[in-house]
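K.L.:
Dumping the structure here so I can ask a few things about it.
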Amino acid sequence: MSVVTDVDHQTEHGYKPRGLLRWLLTTNHKDIGTLYLWFSFTMFLTGGAMAMVIRAELFQPGLQLVEPAFFNQMTTVHGLVMVFGAVMPAFTGLANWMIPMMIGAPDMALPRMNNWSFWILPFAFLILLGSLFTEGGGPNFGWTFYAPLSTHYSPDSTALFVFSIHIMGISSIMGAINVIVTICNLRAPGMTWMKLPLFVWTWLVTAFLLIAVMPVLAGVVTMVLTDKYFGTSFFDAAGGGDPVMFQHIFWFFGHPEVYIMILPSFGIISAIVPTFSRKPLFGYSSMVYATASIAGLSFLVWAHHMFTTGMPVFAELFVMYCTMLISVPTGVKVFNWVATMWRGSLSFEVPMLFAIAFIVLFTMGGFSGLMLAITPADFQYHDTYFVVAHFHYVLVTGAIFSIMAAAYYWLPKWTGHMYDERLGQWHFWCSVISVNVLFFPMHFLGLAGMPRRIPDYSIQFADVNSIVSLGGFAFGLSQFIFLYVVIKCIRGGAAAPAKPWDGAQGLEWEVPSPAPYHTFTTPPEVQ
């Protein structure tokens, strides 16, 4: 793909405001992307601190450090912060930064709404985290807030939890609308649908998923609110309701949500692997169709979270086969990445290391997901640490690793400096070793029968839990290397050329590094 660009250099025309007001009032997609990314990293460290409380308590059997009630609050808020505060805002930050540059757009289509969609997020999380300090404590019913735990047995702070979830949902929907309008309306001349970078495609599909499922989440949290405070009985059998209905509604949101947190990862890996293999992506069109297939099938598999609720056998079989079917388009992606690397001229800079780790470890998470899809086997695995291992392989070595790969990949473009490669390698190896020490033994804990979300456990699980906790502390500490690398890169370093990676393709590599405040005064022509 060749391009003709006309770049607005900030030194010539582009006015770049300064000071605190710049960040409060900005409508620039790069500023808003930066805000999202820093907010996400702050929430990642916050949620990580909660995980450290959990792992410190589980280091040995018996109640060591915290009360069981506070332990339940930590498991709940850890999950909510990591899903809605770390992973999703990080992908939204990457979308804000990169999508306009990748499609040759001057900015996001709805810049004022873009500012608003970010600035309501910190307030949502202040409300959620503030609930921990209320009388009776914060939410303690798991991030899935199953009824009747969240309706009959929850603290008074449940109202704050519901309010914060609503604000997060509003932010997500506004961000998704912005992405869709931008991609549909602001593509550069010649940028046809099948020339879009995979990252743009995966985000377009993700945005439609967000608009489809966020209202479902809003509906179910509102029903929880009215059951608890206003005397309704949506989920109370005594009043004609059904607690299992909660699970159906929640997981109809919750399973597409899992793909909302992994589809942009596929786009990131599909950008990085061809760059460091110095080959075009193998099977581009099949990757696009696989992304759409995953999104469509994600609406048919919600009940695989509910095999033990006593569903009819026909329903369990249908969901089991659909869940197995969704592994096919996912497998297509893995094979295409491997085929891209096959006989390529590979080099192993930090983004590529994280991308390869993603492919291997996400695939492991996918295989344990296939095990969970088998209905009779799931009766053994359900609510054990096997499930915890499975979804952390998908969301930590999947989503989080891809976000780190993206940060290293685009840092030179964002800052104008090359990051410290040696420190980046240290971060990678510390992370990849410790994350496997942390999560891999959990499979065996689960197969041996250790239930999840408990502050105390039987003595036979003690040795493995102490190893897992050590891996957790090491993984947490490793992320401070990442923080240091990013700050060091922002403050200086070797000047980055417009195209720091010799295999990189795409419009974002046609503009100087750092990317100018206003990228394109006139749209580039894609030839």
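Ordering of the structure tokens sets the chain letters (A, B, ...); residue numbers start at 1 within each chain; ligands are numbered from 1 in the order shown.
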So that I can see what lies close to A:Trp193, please list as number ranges by chain the residues with an atom at most 12 Å from it, counting only C-alpha atoms and leaving out residues fewer than 3 positions away in the same chain.
P.N.:
A: 103, 183-185, 187-190, 196-198, 200-201, 204, 284-285, 288
K.L.:
Can you list every residue of stretch 345-408 of chain A that has an atom at most 8 Å from stretch 81-93 of chain A, with its nearest atom pair and the distance in Å to one decimal, using only C-alpha atoms, ordered by chain then number, as a tab-separated table?
P.N.:
residue	atom	partner	partner_atom	distance
A:Ala399	CA	A:Val87	CA	6.9
A:Ile400	CA	A:Val87	CA	6.8
A:Ile403	CA	A:Ala90	CA	7.1
K.L.:
Sorted by chain and rising residue number, which residues of stretch 81-159 of chain A lie within 7 Å of stretch 520-526 of chain A, and what are their closest atom pairs and distances in Å to one decimal, counting only C-alpha atoms, as a Markdown table?
P.N.:
| residue | atom | partner | partner_atom | distance |
| --- | --- | --- | --- | --- |
| A:Gly104 | CA | A:Pro523 | CA | 5.8 |
| A:Ala105 | CA | A:Pro523 | CA | 6.6 |
| A:Pro106 | CA | A:Phe520 | CA | 5.2 |
K.L.:
Near stretch 345-359 of chain A, within 8 Å and counting only C-alpha atoms, which residues show up once chain neighbours fewer than 2 positions away are dropped, as a ChimeraX atom specification?
P.N.:
/A:269,272-273,276-279,334,341,343,361-363,397-398,401-402,404-406,408-409,421,424-425,428,432
K.L.:
Could you pull out the helix (DSSP H, G or I) residues of stretch 387-458 of chain A, going by DSSP on the backbone, and write them as a PyMOL selection string?
P.N.:
chain A and resi 387-415+421-447
K.L.:
Only C-alpha atoms, please: the residues just picked out, written as a JSON list (two decimals), in the first residue's frame.
P.N.:
[["chain", "number", "residue", "atom", "x", "y", "z"],
["A", 387, "VAL", "CA", -11.77, -21.72, 35.79],
["A", 388, "VAL", "CA", -9.62, -19.00, 37.41],
["A", 389, "ALA", "CA", -6.57, -20.36, 35.55],
["A", 390, "HIS", "CA", -8.50, -20.49, 32.27],
["A", 391, "PHE", "CA", -9.78, -16.95, 32.18],
["A", 392, "HIS", "CA", -6.54, -15.44, 33.50],
["A", 393, "TYR", "CA", -4.62, -17.15, 30.69],
["A", 394, "VAL", "CA", -7.06, -15.49, 28.28],
["A", 395, "LEU", "CA", -7.18, -12.07, 29.94],
["A", 396, "VAL", "CA", -3.68, -11.64, 31.40],
["A", 397, "THR", "CA", -1.43, -13.47, 28.94],
["A", 398, "GLY", "CA", -4.02, -12.60, 26.29],
["A", 399, "ALA", "CA", -5.46, -9.10, 26.65],
["A", 400, "ILE", "CA", -2.85, -7.58, 29.01],
["A", 401, "PHE", "CA", 0.15, -8.99, 27.11],
["A", 402, "SER", "CA", -1.24, -7.68, 23.81],
["A", 403, "ILE", "CA", -1.69, -4.21, 25.37],
["A", 404, "MET", "CA", 1.95, -4.31, 26.53],
["A", 405, "ALA", "CA", 3.03, -5.43, 23.05],
["A", 406, "ALA", "CA", 1.09, -2.49, 21.57],
["A", 407, "ALA", "CA", 2.67, -0.05, 24.02],
["A", 408, "TYR", "CA", 6.21, -1.12, 23.08],
["A", 409, "TYR", "CA", 5.28, -1.21, 19.37],
["A", 410, "TRP", "CA", 3.83, 2.32, 19.21],
["A", 411, "LEU", "CA", 5.84, 4.06, 21.98],
["A", 412, "PRO", "CA", 8.40, 5.41, 19.45],
["A", 413, "LYS", "CA", 5.51, 6.88, 17.42],
["A", 414, "TRP", "CA", 3.89, 8.38, 20.52],
["A", 415, "THR", "CA", 6.98, 9.81, 22.22],
["A", 421, "GLU", "CA", 15.35, -2.43, 24.63],
["A", 422, "ARG", "CA", 17.37, -4.12, 27.40],
["A", 423, "LEU", "CA", 14.95, -3.03, 30.14],
["A", 424, "GLY", "CA", 12.03, -4.01, 27.92],
["A", 425, "GLN", "CA", 13.49, -7.51, 27.58],
["A", 426, "TRP", "CA", 13.88, -7.67, 31.36],
["A", 427, "HIS", "CA", 10.22, -6.70, 31.73],
["A", 428, "PHE", "CA", 9.18, -9.37, 29.23],
["A", 429, "TRP", "CA", 11.13, -12.26, 30.74],
["A", 430, "CYS", "CA", 10.21, -11.37, 34.35],
["A", 431, "SER", "CA", 6.55, -11.13, 33.32],
["A", 432, "VAL", "CA", 6.35, -14.28, 31.21],
["A", 433, "ILE", "CA", 8.10, -16.48, 33.79],
["A", 434, "SER", "CA", 6.22, -15.13, 36.80],
["A", 435, "VAL", "CA", 2.81, -15.18, 35.09],
["A", 436, "ASN", "CA", 3.17, -18.90, 34.41],
["A", 437, "VAL", "CA", 4.31, -19.58, 37.98],
["A", 438, "LEU", "CA", 1.21, -17.64, 39.05],
["A", 439, "PHE", "CA", -1.49, -19.19, 36.87],
["A", 440, "PHE", "CA", -0.31, -22.57, 35.57],
["A", 441, "PRO", "CA", -0.44, -24.40, 38.95],
["A", 442, "MET", "CA", -4.02, -23.15, 39.39],
["A", 443, "HIS", "CA", -5.12, -25.74, 36.81],
["A", 444, "PHE", "CA", -3.99, -28.50, 39.16],
["A", 445, "LEU", "CA", -5.55, -26.85, 42.21],
["A", 446, "GLY", "CA", -8.84, -26.77, 40.34],
["A", 447, "LEU", "CA", -8.62, -30.35, 39.10]]
K.L.:
Name the residues in contact with A:Arg452 at a cut-off of 6 Å, using only C-alpha atoms, excluding same-chain residues fewer than 6 positions from it; report them as a count of residues only.
P.N.:
3
K.L.:
Counting only C-alpha atoms, which residue out of A:Ala56, A:Met287, A:Ile374, A:Leu45 sits closest to A:His78?
P.N.:
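Looking at the shortest contact to A:His78, the residue is A:Leu45.
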K.L.:
May I ask which of the residues A:Leu121, A:Leu35, A:Gln527, A:Ala494 is the closest one to A:Thr192, counting only C-alpha atoms?
P.N.:
A:Gln527
K.L.:
Enter the distance from atom CA of A:Thr309 to atom CA of A:Gln247, in Å, rounded to one decimal.
P.N.:
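Going from atom CA of A:Thr309 over to atom CA of A:Gln247 covers 9.3 Å.
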